[in-house]
>>> print(open('input-v9.txt').read())   # compact mmCIF, C-alpha atoms and all ligand atoms
# COMPACT_ATOMS: atom_id res chain seq x y z
CA MET C 1 12.95 2.69 5.56
CA TYR C 2 10.89 1.06 2.76
CA VAL C 3 8.27 3.48 1.40
CA LYS C 4 5.15 2.73 -0.65
CA ILE C 5 3.10 5.53 -2.19
CA CYS C 6 -0.42 4.32 -2.92
CA GLY C 7 -3.44 5.33 -4.96
CA LEU C 8 -1.67 6.95 -7.91
CA SER C 9 -3.69 7.65 -11.02
CA GLU C 10 -1.74 10.31 -12.93
CA PRO C 11 1.57 9.86 -14.83
CA GLU C 12 2.97 13.04 -13.27
CA HIS C 13 2.63 11.61 -9.76
CA VAL C 14 4.14 8.27 -10.75
CA THR C 15 7.18 10.16 -12.09
CA THR C 16 7.42 12.23 -8.91
CA ALA C 17 7.24 9.18 -6.65
CA VAL C 18 9.87 7.28 -8.65
CA GLU C 19 12.24 10.26 -8.86
CA ALA C 20 11.86 11.01 -5.14
CA GLY C 21 12.84 7.44 -4.25
CA ALA C 22 9.66 5.42 -3.62
CA ASP C 23 10.31 1.69 -3.24
CA ALA C 24 6.77 0.70 -4.23
CA ILE C 25 3.80 2.32 -5.97
CA GLY C 26 0.19 1.24 -5.55
CA PHE C 27 -2.72 1.31 -7.97
CA VAL C 28 -6.15 0.91 -6.38
CA MET C 29 -8.36 -1.42 -8.44
CA THR C 30 -11.31 -1.62 -6.07
CA ARG C 31 -14.12 0.74 -4.99
CA SER C 32 -12.40 3.99 -4.06
CA PRO C 33 -12.02 7.63 -5.14
CA ARG C 34 -8.56 6.44 -6.29
CA ARG C 35 -9.81 3.60 -8.43
CA VAL C 36 -8.11 2.99 -11.77
CA THR C 37 -9.00 0.35 -14.34
CA PRO C 38 -6.50 -2.44 -14.95
CA GLU C 39 -5.81 -0.85 -18.34
CA ARG C 40 -5.01 2.52 -16.77
CA ALA C 41 -2.85 0.77 -14.15
CA ALA C 42 -0.97 -0.95 -16.99
CA GLU C 43 -0.23 2.42 -18.65
CA LEU C 44 1.02 3.86 -15.35
CA ALA C 45 3.01 0.72 -14.46
CA ALA C 46 4.80 0.93 -17.81
CA GLN C 47 6.42 4.15 -16.54
CA VAL C 48 7.87 2.44 -13.47
CA PRO C 49 11.47 1.15 -13.55
CA PRO C 50 12.07 -2.45 -12.44
CA HIS C 51 13.64 -1.50 -9.10
CA VAL C 52 10.30 0.01 -7.99
CA LEU C 53 7.58 -2.50 -7.10
CA THR C 54 4.12 -2.03 -8.64
CA VAL C 55 1.23 -3.11 -6.41
CA GLY C 56 -2.44 -3.70 -7.24
CA VAL C 57 -4.71 -2.89 -4.28
CA PHE C 58 -7.96 -4.83 -3.78
CA ARG C 59 -10.60 -5.16 -1.06
CA GLY C 60 -12.91 -8.14 -0.79
CA GLU C 61 -12.84 -9.30 -4.43
CA ASP C 62 -12.64 -13.03 -5.13
CA PRO C 63 -9.25 -14.43 -6.20
CA GLU C 64 -10.27 -14.85 -9.86
CA THR C 65 -11.25 -11.16 -10.13
CA VAL C 66 -7.97 -10.17 -8.47
CA ARG C 67 -6.01 -12.50 -10.76
CA ALA C 68 -7.62 -11.08 -13.92
CA ALA C 69 -6.93 -7.46 -12.87
CA ALA C 70 -3.37 -8.27 -11.79
CA LEU C 71 -2.61 -9.97 -15.11
CA ALA C 72 -4.25 -7.23 -17.19
CA SER C 73 -2.38 -4.47 -15.36
CA GLY C 74 0.94 -6.26 -15.09
CA VAL C 75 1.47 -5.28 -11.44
CA ARG C 76 4.17 -7.26 -9.66
CA ALA C 77 2.40 -7.46 -6.31
CA VAL C 78 -1.15 -7.83 -5.02
CA GLN C 79 -2.37 -6.20 -1.79
CA LEU C 80 -5.55 -7.67 -0.28
CA HIS C 81 -7.61 -5.67 2.24
CA GLY C 82 -10.59 -7.16 4.07
CA ARG C 83 -11.10 -10.52 5.71
CA HIS C 84 -9.68 -12.82 3.06
CA PRO C 85 -9.31 -16.48 4.04
CA HIS C 86 -5.95 -18.21 3.82
CA ALA C 87 -7.23 -19.98 0.68
CA ASP C 88 -7.43 -16.68 -1.24
CA PHE C 89 -3.70 -16.12 -0.73
CA THR C 90 -2.91 -19.72 -1.65
CA ALA C 91 -5.01 -19.32 -4.81
CA LEU C 92 -2.98 -16.29 -5.87
CA LYS C 93 0.45 -17.76 -5.10
CA ASP C 94 0.94 -19.01 -8.65
CA LEU C 95 0.72 -15.46 -10.03
CA GLY C 96 4.39 -15.37 -9.05
CA GLY C 97 4.20 -11.87 -7.61
CA LEU C 98 4.54 -10.62 -4.08
CA LEU C 99 1.44 -11.01 -1.87
CA VAL C 100 0.62 -8.30 0.67
CA ARG C 101 -1.90 -8.99 3.46
CA ALA C 102 -3.49 -5.77 4.76
CA VAL C 103 -4.96 -6.09 8.25
CA ASP C 104 -5.78 -4.10 11.36
CA ALA C 105 -3.97 -4.48 14.67
CA GLU C 106 -6.46 -7.09 15.93
CA ALA C 107 -5.55 -9.62 13.23
CA ASP C 108 -2.86 -12.30 13.18
CA LEU C 109 0.27 -10.15 12.85
CA ARG C 110 2.69 -12.91 11.88
CA CYS C 111 3.97 -12.12 8.39
CA GLY C 112 3.68 -15.35 6.39
CA ALA C 113 0.80 -16.78 8.41
CA TYR C 114 -1.40 -16.60 5.30
CA ASP C 115 1.42 -17.30 2.79
CA GLU C 116 1.86 -13.58 2.27
CA ASP C 117 5.29 -12.02 1.67
CA LEU C 118 4.57 -8.69 3.31
CA LEU C 119 2.18 -7.60 6.03
CA LEU C 120 0.52 -4.18 6.01
CA VAL C 121 -0.94 -3.00 9.32
CA ASP C 122 -3.61 -0.38 8.67
CA ALA C 123 -5.97 1.74 10.81
CA PRO C 124 -8.91 0.02 12.54
CA HIS C 125 -11.19 1.96 10.17
CA ALA C 126 -9.24 1.36 6.97
CA GLY C 127 -9.56 4.11 4.42
CA SER C 128 -10.52 6.81 6.94
CA GLY C 129 -7.17 8.52 6.40
CA LEU C 130 -7.11 9.30 10.13
CA PRO C 131 -4.16 8.72 12.48
CA TRP C 132 -4.58 5.85 14.98
CA ASP C 133 -2.72 4.41 17.96
CA TRP C 134 0.43 3.37 16.07
CA ALA C 135 2.23 2.51 19.33
CA ALA C 136 -0.29 -0.31 19.91
CA VAL C 137 1.53 -2.44 17.32
CA HIS C 138 5.06 -1.74 18.50
CA GLY C 139 6.98 -5.02 18.60
CA ARG C 140 3.97 -7.14 17.66
CA PRO C 141 4.14 -7.89 13.91
CA SER C 142 6.81 -10.33 12.85
CA GLY C 143 8.81 -10.27 9.64
CA HIS C 144 8.57 -7.58 7.02
CA TRP C 145 5.67 -5.22 7.64
CA LEU C 146 4.45 -1.80 6.57
CA LEU C 147 2.64 0.70 8.77
CA ALA C 148 -0.30 2.52 7.15
CA GLY C 149 -3.29 4.60 8.11
CA GLY C 150 -3.39 8.34 8.43
CA LEU C 151 0.30 8.92 7.74
CA THR C 152 1.35 12.35 6.44
CA PRO C 153 4.65 14.15 5.80
CA ALA C 154 4.14 15.88 9.16
CA ASN C 155 3.48 12.78 11.30
CA VAL C 156 5.42 9.96 9.64
CA THR C 157 8.44 10.49 11.91
CA GLU C 158 6.25 10.26 15.02
CA ALA C 159 4.46 7.19 13.64
CA VAL C 160 7.73 5.38 12.86
CA THR C 161 9.07 6.16 16.33
CA ALA C 162 5.85 4.84 17.89
CA ALA C 163 5.47 1.62 15.92
CA ALA C 164 9.00 0.80 14.65
CA PRO C 165 7.83 -0.66 11.31
CA TRP C 166 10.04 -2.03 8.55
CA GLY C 167 8.36 0.36 6.10
CA VAL C 168 5.49 2.79 5.62
CA ASP C 169 2.60 3.20 3.16
CA VAL C 170 0.68 6.39 2.43
CA SER C 171 -2.25 7.38 0.27
CA SER C 172 -4.57 10.15 1.50
CA GLY C 173 -1.75 11.90 3.38
CA VAL C 174 -0.21 12.97 0.08
CA GLU C 175 -3.47 14.32 -1.38
CA THR C 176 -5.15 17.73 -1.43
CA SER C 177 -8.62 16.12 -1.64
CA PRO C 178 -9.78 12.48 -1.91
CA GLY C 179 -8.07 10.93 -4.92
CA VAL C 180 -6.10 14.06 -5.87
CA LYS C 181 -2.39 13.51 -5.29
CA ASP C 182 0.06 16.37 -4.82
CA SER C 183 3.67 16.17 -6.01
CA SER C 184 5.02 18.41 -3.24
CA LEU C 185 3.37 16.24 -0.59
CA ILE C 186 4.72 13.06 -2.21
CA ARG C 187 8.25 14.52 -2.16
CA ALA C 188 7.84 15.75 1.42
CA PHE C 189 6.60 12.36 2.61
CA LEU C 190 9.51 10.50 1.00
CA LYS C 191 12.01 12.99 2.42
CA ALA C 192 10.60 12.66 5.94
CA ALA C 193 10.36 8.85 5.80
CA HIS C 194 13.88 8.48 4.42
CA SER C 195 15.33 10.73 7.10
CA ARG C 196 14.48 8.00 9.64
O1 LIG C 201 -6.71 4.13 -0.98
C1 LIG C 201 -7.85 3.64 -1.05
O2 LIG C 201 -8.81 4.24 -1.48
C2 LIG C 201 -8.03 2.20 -0.63
C3 LIG C 201 -9.21 1.57 -0.97
C4 LIG C 201 -9.40 0.25 -0.60
C5 LIG C 201 -8.42 -0.41 0.11
C6 LIG C 201 -7.26 0.22 0.46
C7 LIG C 201 -7.04 1.53 0.11
N1 LIG C 201 -5.87 2.21 0.42
C8 LIG C 201 -4.91 1.73 1.31
O3 LIG C 201 -5.23 2.12 2.63
C9 LIG C 201 -4.05 2.26 3.38
C10 LIG C 201 -4.05 3.54 4.19
O4 LIG C 201 -4.26 4.64 3.40
P1 LIG C 201 -4.22 6.14 3.98
O5 LIG C 201 -2.80 6.62 3.85
O6 LIG C 201 -4.69 6.13 5.40
O7 LIG C 201 -5.15 6.89 3.09
C11 LIG C 201 -2.91 2.18 2.41
O8 LIG C 201 -2.37 0.88 2.52
C12 LIG C 201 -3.53 2.29 1.06
O9 LIG C 201 -2.82 1.44 0.20
>>> encode(input="input-v9.txt", output="structure tokens", more="lines below")
Ligand SMILES: O=C(O)c1ccccc1N[C@@H]1O[C@H](COP(=O)(O)O)[C@@H](O)[C@H]1O
Amino acid sequence: MYVKICGLSEPEHVTTAVEAGADAIGFVMTRSPRRVTPERAAELAAQVPPHVLTVGVFRGEDPETVRAAALASGVRAVQLHGRHPHADFTALKDLGGLLVRAVDAEADLRCGAYDEDLLLVDAPHAGSGLPWDWAAVHGRPSGHWLLAGGLTPANVTEAVTAAAPWGVDVSSGVETSPGVKDSSLIRAFLKAAHSR
């Protein structure tokens, strides 16, 4: 099971996630309690070994803003939330990194439909941190896709059973309060997800 830990802002938590076996680490560079500047993301990304993917997370920004932040931070993937047109993905293709399209279950769930490399299926109310009807997407997305939205160490096994994703992504479920990550929760989430 591929696991992404998102919304990291402290070196300690980057180290924990890498040591506990995360496949990808996300830095939020849009409006959020987890927001980091591209410069801070670059410092954190410098700690990450090459086998772990670094992802810049954006919501609604235009492609040029995303491009500038991605280049300044050095992330190797860009994750776009919100209703971005196909053209935004095409415009970012030449960055050379992986493109992640974050959608809800009502969207086009064919991975690659917008030139993205990875699909991320999130809660209907993205960012709420609340569990949703994960079973509603079982068997629907095609290609490589991550399940997100309200996942925690305690429910990730149930969510994976319900939706059968290729991988999972967590942010608020490994926090003690909005934006405050917890190393024990990060380790517990990775252990639970990898036991699948
Ligand atoms: O984490 C945020 O604050 C955020 C802000 C804007 C867009 C996306 C954001 N996070 C992503 O949301 C999903 C689900 O997170 P959660 O586990 O339910 O808190 C995940 O993909 C994060 O990368």
>>> closest_residue(input="input-v9.txt", among="C:Leu53, C:Ala20, C:Leu80, C:Val75", to="ligand LIG 201 (chain C)", atoms="all atoms listed in the file")
C:Leu80
>>> closest_atom_pairs(input="input-v9.txt", of="chain C", to="ligand LIG 201 (chain C)", cutoff="10 Å", atoms="all atoms listed in the file", output="CSV")
residue,atom,partner,partner_atom,distance
C:Lys4,CA,C:LIG201,O9,8.1
C:Ile5,CA,C:LIG201,O9,7.6
C:Cys6,CA,C:LIG201,O9,4.9
C:Gly7,CA,C:LIG201,O1,5.3
C:Leu8,CA,C:LIG201,O1,9.0
C:Ile25,CA,C:LIG201,O9,9.1
C:Gly26,CA,C:LIG201,O9,6.5
C:Phe27,CA,C:LIG201,O9,8.2
C:Val28,CA,C:LIG201,C2,6.2
C:Met29,CA,C:LIG201,C4,8.1
C:Thr30,CA,C:LIG201,C4,6.1
C:Arg31,CA,C:LIG201,C3,6.4
C:Ser32,CA,C:LIG201,O2,4.4
C:Pro33,CA,C:LIG201,O2,5.9
C:Arg34,CA,C:LIG201,O2,5.3
C:Arg35,CA,C:LIG201,O2,7.1
C:Val55,CA,C:LIG201,O9,9.0
C:Gly56,CA,C:LIG201,O9,9.1
C:Val57,CA,C:LIG201,C6,6.2
C:Phe58,CA,C:LIG201,C5,5.9
C:Arg59,CA,C:LIG201,C5,5.4
C:Gly60,CA,C:LIG201,C5,9.0
C:Gln79,CA,C:LIG201,O9,7.9
C:Leu80,CA,C:LIG201,C5,7.8
C:His81,CA,C:LIG201,C5,5.7
C:Gly82,CA,C:LIG201,C5,8.1
C:Val100,CA,C:LIG201,O8,9.8
C:Arg101,CA,C:LIG201,O8,9.9
C:Ala102,CA,C:LIG201,O8,7.1
C:Val103,CA,C:LIG201,O8,9.4
C:Leu120,CA,C:LIG201,O8,6.8
C:Val121,CA,C:LIG201,O8,8.0
C:Asp122,CA,C:LIG201,C9,5.9
C:Ala123,CA,C:LIG201,O6,7.1
C:His125,CA,C:LIG201,O6,9.1
C:Ala126,CA,C:LIG201,O3,6.0
C:Gly127,CA,C:LIG201,O3,5.1
C:Ser128,CA,C:LIG201,O6,6.1
C:Gly129,CA,C:LIG201,O6,3.6
C:Leu130,CA,C:LIG201,O6,6.2
C:Pro131,CA,C:LIG201,O6,7.6
C:Trp132,CA,C:LIG201,O6,9.6
C:Leu146,CA,C:LIG201,O8,8.4
C:Leu147,CA,C:LIG201,O8,8.0
C:Ala148,CA,C:LIG201,C10,4.9
C:Gly149,CA,C:LIG201,O6,3.4
C:Gly150,CA,C:LIG201,O6,4.0
C:Leu151,CA,C:LIG201,O5,5.5
C:Thr152,CA,C:LIG201,O5,7.5
C:Val168,CA,C:LIG201,O8,8.7
C:Asp169,CA,C:LIG201,O8,5.5
C:Val170,CA,C:LIG201,O5,3.8
C:Ser171,CA,C:LIG201,O5,3.7
C:Ser172,CA,C:LIG201,O7,3.7
C:Gly173,CA,C:LIG201,O5,5.4
C:Val174,CA,C:LIG201,O5,7.8
C:Glu175,CA,C:LIG201,O7,8.8
C:Pro178,CA,C:LIG201,O2,8.3
C:Gly179,CA,C:LIG201,O2,7.6
>>> closest_residue(input="input-v9.txt", among="C:His13, C:Met1, C:Leu71, C:Phe89", to="Val160 of chain C", atoms="all atoms listed in the file")
C:Met1
>>> atom_distance(input="input-v9.txt", atom1="atom CA of Ala135 of chain C", atom2="atom CA of Ala163 of chain C")
4.8 Å
>>> residues_around(input="input-v9.txt", residues="Leu98 of chain C", least_positions_apart="5", cutoff="7 Å", atoms="all atoms listed in the file", output="short mmCIF file (atom, residue, chain, number, x, y, z; two decimals) with C-alpha atoms, in the coordinates of the input")
data_model
loop_
_atom_site.label_atom_id
_atom_site.label_comp_id
_atom_site.auth_asym_id
_atom_site.auth_seq_id
_atom_site.Cartn_x
_atom_site.Cartn_y
_atom_site.Cartn_z
CA ARG C 76 4.17 -7.26 -9.66
CA ALA C 77 2.40 -7.46 -6.31
CA VAL C 78 -1.15 -7.83 -5.02
CA ASP C 117 5.29 -12.02 1.67
#
>>> atom_distance(input="input-v9.txt", atom1="atom CA of Thr65 of chain C", atom2="atom CA of Leu95 of chain C")
12.7 Å
>>> closest_residue(input="input-v9.txt", among="C:Ser73, C:Pro11, C:Ala154, C:Thr16", to="Ser183 of chain C", atoms="only C-alpha atoms")
C:Thr16
>>> closest_residue(input="input-v9.txt", among="C:Ala22, C:Ala45, C:Ala17, C:Ala159", to="Ala136 of chain C", atoms="all atoms listed in the file")
C:Ala159
>>> atom_distance(input="input-v9.txt", atom1="atom CA of Val137 of chain C", atom2="atom CA of Asn155 of chain C")
16.5 Å
>>> closest_residue(input="input-v9.txt", among="C:Ala41, C:Lys181, C:Asp104, C:Pro141", to="Thr54 of chain C", atoms="all atoms listed in the file")
C:Ala41
>>> residues_around(input="input-v9.txt", residues="segment 192-196 of chain C", least_positions_apart="3", cutoff="7 Å", atoms="all atoms listed in the file", output="list in words")
Met1, Pro153, Val156, Thr157, Ala188 and Phe189 of chain C
>>> write_last_selection(input="input-v9.txt", atoms="C-alpha atoms", output="mmCIF file, in the coordinates of the input")
data_model
loop_
_atom_site.group_PDB
_atom_site.id
_atom_site.type_symbol
_atom_site.label_atom_id
_atom_site.label_comp_id
_atom_site.auth_asym_id
_atom_site.auth_seq_id
_atom_site.Cartn_x
_atom_site.Cartn_y
_atom_site.Cartn_z
ATOM 1 C CA MET C 1 12.950 2.690 5.560
ATOM 2 C CA PRO C 153 4.650 14.150 5.800
ATOM 3 C CA VAL C 156 5.420 9.960 9.640
ATOM 4 C CA THR C 157 8.440 10.490 11.910
ATOM 5 C CA ALA C 188 7.840 15.750 1.420
ATOM 6 C CA PHE C 189 6.600 12.360 2.610
#
>>> closest_residue(input="input-v9.txt", among="C:Leu190, C:Leu109, C:Tyr114, C:Gly167", to="Gly139 of chain C", atoms="only C-alpha atoms")
C:Leu109
